[in-house]
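A.B. asks: Contents of final11.txt (compact mmCIF, C-alpha atoms) are below:
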# COMPACT_ATOMS: atom_id res chain seq x y z
CA MET A 1 119.06 98.80 94.55
CA LYS A 2 117.78 102.33 94.94
CA ARG A 3 116.63 103.68 98.31
CA ILE A 4 114.02 106.32 97.48
CA MET A 5 112.37 108.94 99.69
CA ILE A 6 109.18 110.51 98.31
CA THR A 7 107.67 113.71 99.71
CA GLY A 8 104.03 114.58 99.09
CA ALA A 9 103.31 110.87 98.89
CA LEU A 10 99.56 111.29 99.40
CA GLY A 11 99.18 113.95 96.70
CA GLN A 12 97.92 113.79 93.13
CA ILE A 13 101.03 112.12 91.71
CA GLY A 14 102.66 110.79 94.86
CA SER A 15 99.69 108.60 95.80
CA GLU A 16 100.29 106.52 92.68
CA LEU A 17 104.04 106.98 92.32
CA VAL A 18 104.71 105.26 95.65
CA GLY A 19 103.04 102.06 94.45
CA LYS A 20 104.76 102.26 91.07
CA MET A 21 108.21 102.63 92.60
CA ARG A 22 107.60 99.98 95.25
CA SER A 23 106.62 97.52 92.52
CA ILE A 24 109.96 98.20 90.78
CA TYR A 25 112.42 98.71 93.63
CA GLY A 26 110.77 96.80 96.49
CA ASN A 27 108.37 97.94 99.22
CA GLU A 28 111.10 98.31 101.81
CA ASN A 29 113.21 100.55 99.54
CA VAL A 30 110.66 103.36 99.10
CA LEU A 31 109.97 105.68 102.04
CA ALA A 32 106.70 107.57 101.61
CA THR A 33 106.28 110.85 103.51
CA ASP A 34 103.48 113.38 103.81
CA ILE A 35 102.12 115.94 106.25
CA ARG A 36 99.17 113.68 107.08
CA GLN A 37 98.99 110.03 108.08
CA SER A 38 98.61 107.28 105.50
CA ASP A 39 96.53 104.13 105.78
CA ASP A 40 98.83 102.35 103.32
CA GLN A 41 100.76 99.62 105.10
CA SER A 42 102.64 98.34 102.05
CA GLY A 43 105.94 99.98 103.04
CA PRO A 44 107.64 102.53 105.31
CA PHE A 45 105.85 105.84 105.92
CA GLU A 46 106.76 108.92 107.98
CA ILE A 47 104.96 112.18 108.74
CA LEU A 48 106.89 115.11 107.23
CA ASP A 49 106.25 118.81 106.90
CA VAL A 50 108.60 119.70 104.02
CA THR A 51 109.20 123.17 105.49
CA ASP A 52 111.03 121.39 108.35
CA ALA A 53 114.50 121.11 106.85
CA GLN A 54 116.08 119.22 109.73
CA ARG A 55 113.44 116.50 109.86
CA MET A 56 113.61 116.05 106.09
CA HIS A 57 117.39 115.61 106.29
CA ASP A 58 117.15 113.27 109.28
CA LEU A 59 114.52 111.05 107.66
CA ALA A 60 116.53 110.75 104.44
CA GLU A 61 119.74 110.04 106.34
CA GLY A 62 118.12 107.53 108.68
CA PHE A 63 116.51 105.68 105.78
CA GLY A 64 119.78 105.60 103.86
CA ALA A 65 118.13 107.25 100.86
CA ASP A 66 120.18 107.70 97.71
CA THR A 67 117.28 109.26 95.78
CA MET A 68 114.92 112.11 96.68
CA VAL A 69 111.64 112.46 94.76
CA HIS A 70 110.13 115.76 95.84
CA MET A 71 106.42 115.93 94.99
CA ALA A 72 105.01 118.10 97.81
CA ALA A 73 103.49 121.31 96.42
CA LEU A 74 100.38 123.48 96.37
CA LEU A 75 98.70 123.29 92.95
CA SER A 76 97.82 126.12 90.56
CA ALA A 77 94.28 127.17 91.46
CA THR A 78 94.87 126.78 95.20
CA ALA A 79 98.14 128.69 94.91
CA GLU A 80 96.29 131.68 93.44
CA GLU A 81 93.96 131.70 96.43
CA LYS A 82 96.85 131.44 98.90
CA PRO A 83 99.93 132.91 97.18
CA LEU A 84 102.08 133.39 100.28
CA LEU A 85 101.39 129.89 101.50
CA ALA A 86 102.25 128.64 98.00
CA TRP A 87 105.58 130.48 98.00
CA ASN A 88 106.52 129.26 101.47
CA LEU A 89 105.52 125.66 100.82
CA ASN A 90 106.58 125.27 97.20
CA MET A 91 109.89 127.13 97.39
CA GLY A 92 110.78 126.43 101.02
CA GLY A 93 110.11 122.73 100.59
CA LEU A 94 112.13 122.61 97.38
CA VAL A 95 115.17 124.31 98.92
CA ASN A 96 115.04 121.91 101.86
CA ALA A 97 114.84 118.89 99.55
CA LEU A 98 117.73 120.14 97.41
CA GLU A 99 119.85 120.84 100.49
CA ALA A 100 119.22 117.35 101.85
CA SER A 101 120.14 115.94 98.44
CA ARG A 102 123.33 118.01 98.34
CA LYS A 103 124.45 117.02 101.82
CA LEU A 104 123.56 113.34 101.44
CA ASP A 105 124.64 112.99 97.79
CA MET A 106 121.21 111.91 96.58
CA GLN A 107 119.85 111.83 93.05
CA PHE A 108 116.98 114.31 92.87
CA PHE A 109 113.70 114.62 90.98
CA THR A 110 110.98 117.25 91.19
CA PRO A 111 108.29 118.06 88.63
CA SER A 112 107.81 121.40 86.96
CA SER A 113 104.69 122.19 84.94
CA ILE A 114 103.31 123.86 81.83
CA GLY A 115 102.35 126.49 84.41
CA ALA A 116 105.96 127.68 84.10
CA PHE A 117 104.96 129.22 80.78
CA GLY A 118 103.00 132.45 80.43
CA PRO A 119 100.93 134.54 78.02
CA SER A 120 104.03 135.66 76.09
CA THR A 121 105.22 132.08 75.53
CA PRO A 122 104.50 130.71 72.03
CA LYS A 123 101.21 128.79 72.41
CA LYS A 124 101.61 126.39 69.50
CA ASN A 125 104.27 123.67 69.61
CA THR A 126 105.89 125.44 72.58
CA PRO A 127 109.67 124.87 72.42
CA GLN A 128 111.75 123.27 75.15
CA ASP A 129 113.76 126.48 75.50
CA THR A 130 111.57 129.57 75.24
CA LEU A 131 110.36 132.70 77.00
CA GLN A 132 108.91 131.96 80.45
CA ARG A 133 107.06 134.86 82.10
CA PRO A 134 104.17 133.25 84.03
CA THR A 135 101.47 135.41 85.59
CA THR A 136 100.53 133.07 88.45
CA MET A 137 102.22 132.35 91.77
CA TYR A 138 102.31 128.67 90.85
CA GLY A 139 104.06 129.51 87.58
CA VAL A 140 106.54 131.80 89.34
CA ASN A 141 107.30 128.96 91.77
CA LYS A 142 107.87 126.54 88.91
CA VAL A 143 110.22 128.82 86.95
CA ALA A 144 112.18 129.60 90.10
CA GLY A 145 112.29 125.89 90.89
CA GLU A 146 113.63 125.02 87.45
CA LEU A 147 116.40 127.57 87.83
CA LEU A 148 117.16 126.44 91.38
CA CYS A 149 117.51 122.81 90.28
CA ASP A 150 119.86 123.89 87.48
CA TYR A 151 121.86 125.90 90.02
CA TYR A 152 122.24 122.95 92.41
CA HIS A 153 123.46 120.81 89.54
CA THR A 154 126.00 123.28 88.14
CA LYS A 155 127.13 124.69 91.51
CA PHE A 156 127.11 121.59 93.71
CA GLY A 157 126.95 118.67 91.27
CA VAL A 158 123.57 117.40 92.49
CA ASP A 159 122.08 114.97 89.96
CA THR A 160 118.87 116.96 89.52
CA ARG A 161 116.22 115.87 87.01
CA GLY A 162 112.69 116.98 86.20
CA VAL A 163 109.88 117.29 83.68
CA ARG A 164 107.27 119.93 82.88
CA PHE A 165 104.07 117.98 83.36
CA PRO A 166 100.91 118.96 81.55
CA GLY A 167 97.52 118.36 83.16
CA LEU A 168 97.49 114.87 84.67
CA ILE A 169 94.42 112.66 84.57
CA SER A 170 94.04 109.87 87.12
CA ASN A 171 91.47 107.22 87.98
CA VAL A 172 92.93 106.95 91.50
CA ALA A 173 93.59 110.43 92.89
CA GLN A 174 90.68 112.85 93.30
CA PRO A 175 90.96 116.39 91.85
CA GLY A 176 93.27 118.45 94.06
CA GLY A 177 93.10 122.14 93.17
CA GLY A 178 94.64 122.19 89.72
CA THR A 179 93.40 124.16 86.72
CA THR A 180 93.24 121.01 84.57
CA ASP A 181 91.24 119.03 87.16
CA TYR A 182 88.10 119.36 85.05
CA ALA A 183 89.55 116.63 82.85
CA VAL A 184 89.44 114.26 85.84
CA ASP A 185 86.12 115.34 87.34
CA ILE A 186 84.31 115.09 84.00
CA TYR A 187 84.69 111.30 84.00
CA TYR A 188 83.28 110.96 87.51
CA GLN A 189 80.32 113.19 86.65
CA ALA A 190 79.72 111.42 83.35
CA ILE A 191 79.35 108.09 85.14
CA GLU A 192 77.45 109.34 88.20
CA LYS A 193 75.24 112.08 86.72
CA GLY A 194 75.41 111.80 82.96
CA SER A 195 76.33 115.48 82.68
CA TYR A 196 79.11 117.93 83.52
CA THR A 197 79.40 121.68 83.91
CA SER A 198 82.86 122.79 82.79
CA TYR A 199 84.60 125.70 84.50
CA ILE A 200 86.95 125.87 81.48
CA ALA A 201 85.54 127.56 78.38
CA GLU A 202 84.74 125.80 75.13
CA GLY A 203 87.65 125.89 72.70
CA THR A 204 90.36 126.06 75.39
CA ALA A 205 93.05 123.57 74.42
CA MET A 206 95.52 122.33 77.05
CA ASP A 207 98.15 119.61 77.11
CA MET A 208 97.29 116.51 79.12
CA MET A 209 98.74 113.14 80.06
CA TYR A 210 97.27 109.99 81.58
CA MET A 211 98.81 109.14 84.93
CA PRO A 212 100.32 105.76 83.93
CA ASP A 213 102.36 107.57 81.27
CA ALA A 214 103.39 110.27 83.75
CA LEU A 215 104.61 107.72 86.31
CA GLN A 216 106.58 105.85 83.66
CA ALA A 217 108.17 109.11 82.52
CA ILE A 218 109.50 109.74 86.04
CA VAL A 219 111.01 106.27 86.27
CA ASP A 220 112.50 106.46 82.78
CA LEU A 221 114.11 109.84 83.38
CA MET A 222 115.55 108.78 86.74
CA GLU A 223 117.04 105.67 85.11
CA ALA A 224 118.40 107.56 82.08
CA ASP A 225 122.12 107.87 81.37
CA ALA A 226 123.21 111.21 82.86
CA ASP A 227 125.75 111.73 80.08
CA LYS A 228 122.93 111.93 77.52
CA LEU A 229 120.96 114.61 79.36
CA VAL A 230 121.54 118.02 77.81
CA HIS A 231 118.66 119.81 79.53
CA ARG A 232 118.49 117.61 82.65
CA ASN A 233 115.68 119.63 84.33
CA ALA A 234 112.22 120.64 83.17
CA PHE A 235 111.85 118.52 80.05
CA ASN A 236 108.66 119.24 78.11
CA VAL A 237 106.46 116.11 78.16
CA THR A 238 102.95 115.62 76.83
CA ALA A 239 100.66 112.94 75.43
CA MET A 240 97.67 114.84 74.03
CA SER A 241 96.07 118.25 73.74
CA PHE A 242 92.30 118.69 73.78
CA THR A 243 89.47 121.12 74.52
CA PRO A 244 86.51 120.48 76.89
CA GLU A 245 84.23 119.68 73.97
CA GLU A 246 86.73 117.16 72.59
CA ILE A 247 86.92 115.21 75.85
CA ALA A 248 83.11 115.35 76.01
CA ALA A 249 82.92 113.89 72.49
CA SER A 250 85.29 111.09 73.49
CA ILE A 251 83.06 110.24 76.47
CA GLN A 252 79.92 110.35 74.29
CA LYS A 253 81.32 107.49 72.20
CA HIS A 254 80.66 105.31 75.26
CA ILE A 255 77.92 107.29 77.05
CA PRO A 256 75.88 108.79 74.17
CA GLU A 257 73.47 110.59 76.49
CA PHE A 258 76.26 112.52 78.24
CA LYS A 259 75.66 116.30 78.25
CA MET A 260 78.18 119.13 78.66
CA SER A 261 77.44 122.68 79.79
CA TYR A 262 79.64 125.60 80.83
CA ALA A 263 79.95 127.91 83.84
CA VAL A 264 83.38 129.43 83.36
CA ASP A 265 85.48 130.14 86.45
CA PRO A 266 87.33 133.38 85.58
CA VAL A 267 90.32 132.59 87.82
CA ARG A 268 91.00 129.16 86.39
CA GLN A 269 90.13 130.30 82.87
CA GLU A 270 92.70 133.10 83.11
CA ILE A 271 95.30 130.56 84.20
CA ALA A 272 94.38 128.21 81.36
CA ASP A 273 94.54 131.01 78.80
CA SER A 274 98.10 131.81 79.90
CA TRP A 275 99.29 128.26 79.16
CA PRO A 276 100.30 126.70 75.82
CA ASP A 277 97.81 124.91 73.58
CA ASN A 278 100.38 122.19 72.88
CA ILE A 279 104.08 121.74 73.62
CA ASP A 280 107.07 120.22 71.86
CA ALA A 281 108.45 117.17 73.70
CA SER A 282 111.20 116.34 71.19
CA ALA A 283 114.07 117.04 73.64
CA ALA A 284 112.72 114.43 76.08
CA LYS A 285 112.31 111.93 73.26
CA GLU A 286 115.82 112.51 71.95
CA GLU A 287 117.68 112.65 75.29
CA TRP A 288 116.03 109.83 77.27
CA GLY A 289 113.51 108.09 75.03
CA PHE A 290 110.32 109.62 76.39
CA ASN A 291 107.22 107.95 75.01
CA THR A 292 103.52 107.52 75.89
CA SER A 293 100.94 104.76 75.50
CA TYR A 294 97.63 106.63 75.82
CA ASP A 295 95.87 109.09 73.53
CA LEU A 296 92.50 110.68 74.40
CA ASP A 297 90.27 107.83 73.29
CA ALA A 298 92.46 105.11 74.84
CA MET A 299 92.49 107.06 78.09
CA THR A 300 88.71 107.49 78.02
CA VAL A 301 88.17 103.75 77.65
CA ASP A 302 90.46 103.00 80.59
CA MET A 303 89.11 105.83 82.79
CA LEU A 304 85.48 104.79 82.33
CA GLU A 305 86.27 101.13 82.95
CA LYS A 306 88.33 101.79 86.08
CA LEU A 307 85.96 104.40 87.54
CA LYS A 308 82.87 102.22 87.08
CA LYS A 309 84.60 99.55 89.14
CA LYS A 310 85.81 102.10 91.68
CA LEU A 311 82.32 103.59 92.03
CA GLN A 312 80.81 100.08 92.06
CA LEU A 313 78.72 100.79 88.99
CA ALA A 314 80.21 98.11 86.76
Could you show the structure in this file as C-alpha cells?

C.D. replies:
Amino acid sequence: MKRIMITGALGQIGSELVGKMRSIYGNENVLATDIRQSDDQSGPFEILDVTDAQRMHDLAEGFGADTMVHMAALLSATAEEKPLLAWNLNMGGLVNALEASRKLDMQFFTPSSIGAFGPSTPKKNTPQDTLQRPTTMYGVNKVAGELLCDYYHTKFGVDTRGVRFPGLISNVAQPGGGTTDYAVDIYYQAIEKGSYTSYIAEGTAMDMMYMPDALQAIVDLMEADADKLVHRNAFNVTAMSFTPEEIAASIQKHIPEFKMSYAVDPVRQEIADSWPDNIDASAAKEEWGFNTSYDLDAMTVDMLEKLKKKLQLA
C-alpha cells in the first residue's frame, strides 16, 4: 500500500486530491500538508512551509512516505503580481520536494501547466514536444520545473511524473488566482446573480478540464507502468477547449435568462493570449491510457447541480 505525502493540500487541486487518494489508499496512508491549518479530520495533517527543506524531509521520513505529490505553488495571475515570491515558492518548494524524494527514494509527482507554453508555441493542436518560451513568471517556473524533474530522473533515478494541466474547473475549490478561474466563477455567478462579467475577452479559446478527470489523471499516471513512459514528465492533458461565449451558451441551456458581459483584465488577457487554443494529448493516451469523462455540456450539468446544493439553492 502506498504511503503518500501531499503538499499544498488545501489548494485548488490538493483540497480534492487528498480525499480522492484517501478513498483509494486509505485515510491513514495519505499525509496532507499545507502552510495553514486544516479543519479536515479524515486523516493525518501537518503544517508545512515548502520552502523549509528540513521539515519537508523530516515529515516525509517520519510518515514513512514512499510517494511525494507536490502541489504547493502560486498560480499564474498571482505570480505576475508577485514574481519574486512566485520564484522563491514555486522553484524553492520544488527543489526541496525533489531532494526529499531523492534522499528517501520516493516516487514523485508535480503538475506543470499549459502556462509552460508561450506566444511562439503553435496555438492549434499544440504538440507534446514543441517550442516553450513563456512570457510569464508562472510559465518560466513551469518550464524550469519540467526540466528539473527530467534532470532528477536522468541524474538520480527519481521516479518523477507529471502532466501539463489546462484550466481546471471545480465545484469544491473556490477560484485561487489563476487565469482560467473565470470558468469556475461563471457558474457561481450564473446561479447567484444570473449574470457574469468576464475578464477574458470574447473569442479567447483555452483548454480546460473538469476536476474529477484531473484527479483521475494523477492517479492513473502514478499507477502507470514506468517502462511504458517515454516522456514521463509534463504530459499534455486536456478534455475540452472553449471560449467565454461558449461556456455561457452551455449555461443558458439550463438558465436561459443568464447574461454575459465583458470587462477585460489586460494582465490576465495577455496571459491567456500567450497560451494554446487547444493541445494534443495523444502521448498521454498512448503511454498511460489517459482518458476523460466530461465534455463542456456534461460538466455544466454537474457543476450547476452540485453548486445549487452547495449554495443551498436546490

A.B. asks: Leaving out Ile24 of chain A and any residue of its chain fewer than 5 positions from it, which residues lie within 10 Å of it when counting only C-alpha atoms, given as a PyMOL selection string?

C.D. replies: chain A and resi 1-2+19+29-30+219

A.B. asks: Fewer than 6 positions away in the same chain doesn't count, so skip those; otherwise give me all residues within 9 Å of Gly167 of chain A, counting all atoms listed in the file, as a list in words.

C.D. replies: Ser113, Ile114, Gly178, Thr179, Thr180, Asp181, Ala183, Met206, Asp207, Met208, Met209, Tyr210 and Thr238 of chain A

A.B. asks: Output C-alpha atoms for every residue in that selection, as a PDB file, in the coordinates of the input.

C.D. replies:
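Final output, part-v5.pdb:
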ATOM      1  CA  SER A 113     104.690 122.190  84.940  1.00  0.00           C
ATOM      2  CA  ILE A 114     103.310 123.860  81.830  1.00  0.00           C
ATOM      3  CA  GLY A 178      94.640 122.190  89.720  1.00  0.00           C
ATOM      4  CA  THR A 179      93.400 124.160  86.720  1.00  0.00           C
ATOM      5  CA  THR A 180      93.240 121.010  84.570  1.00  0.00           C
ATOM      6  CA  ASP A 181      91.240 119.030  87.160  1.00  0.00           C
ATOM      7  CA  ALA A 183      89.550 116.630  82.850  1.00  0.00           C
ATOM      8  CA  MET A 206      95.520 122.330  77.050  1.00  0.00           C
ATOM      9  CA  ASP A 207      98.150 119.610  77.110  1.00  0.00           C
ATOM     10  CA  MET A 208      97.290 116.510  79.120  1.00  0.00           C
ATOM     11  CA  MET A 209      98.740 113.140  80.060  1.00  0.00           C
ATOM     12  CA  TYR A 210      97.270 109.990  81.580  1.00  0.00           C
ATOM     13  CA  THR A 238     102.950 115.620  76.830  1.00  0.00           C
TER      14      THR A 238
END

A.B. asks: What lies within 8 Å of segment 296-312 of chain A using all atoms listed in the file, ignoring chain neighbours under 3 positions off, as a ChimeraX atom specification?

C.D. replies: /A:170-171,187-188,191,210,240,247,250-251

A.B. asks: What does the distance between atom CA of His254 of chain A and atom CA of Gln269 of chain A come to in Å, to one decimal place?

C.D. replies: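 A separation of 27.8 Å between them.
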
A.B. asks: One decimal, Å: what's the distance from atom CA of Phe235 of chain A over to atom CA of Ile13 of chain A, could you say?

C.D. replies: 17.1 Å
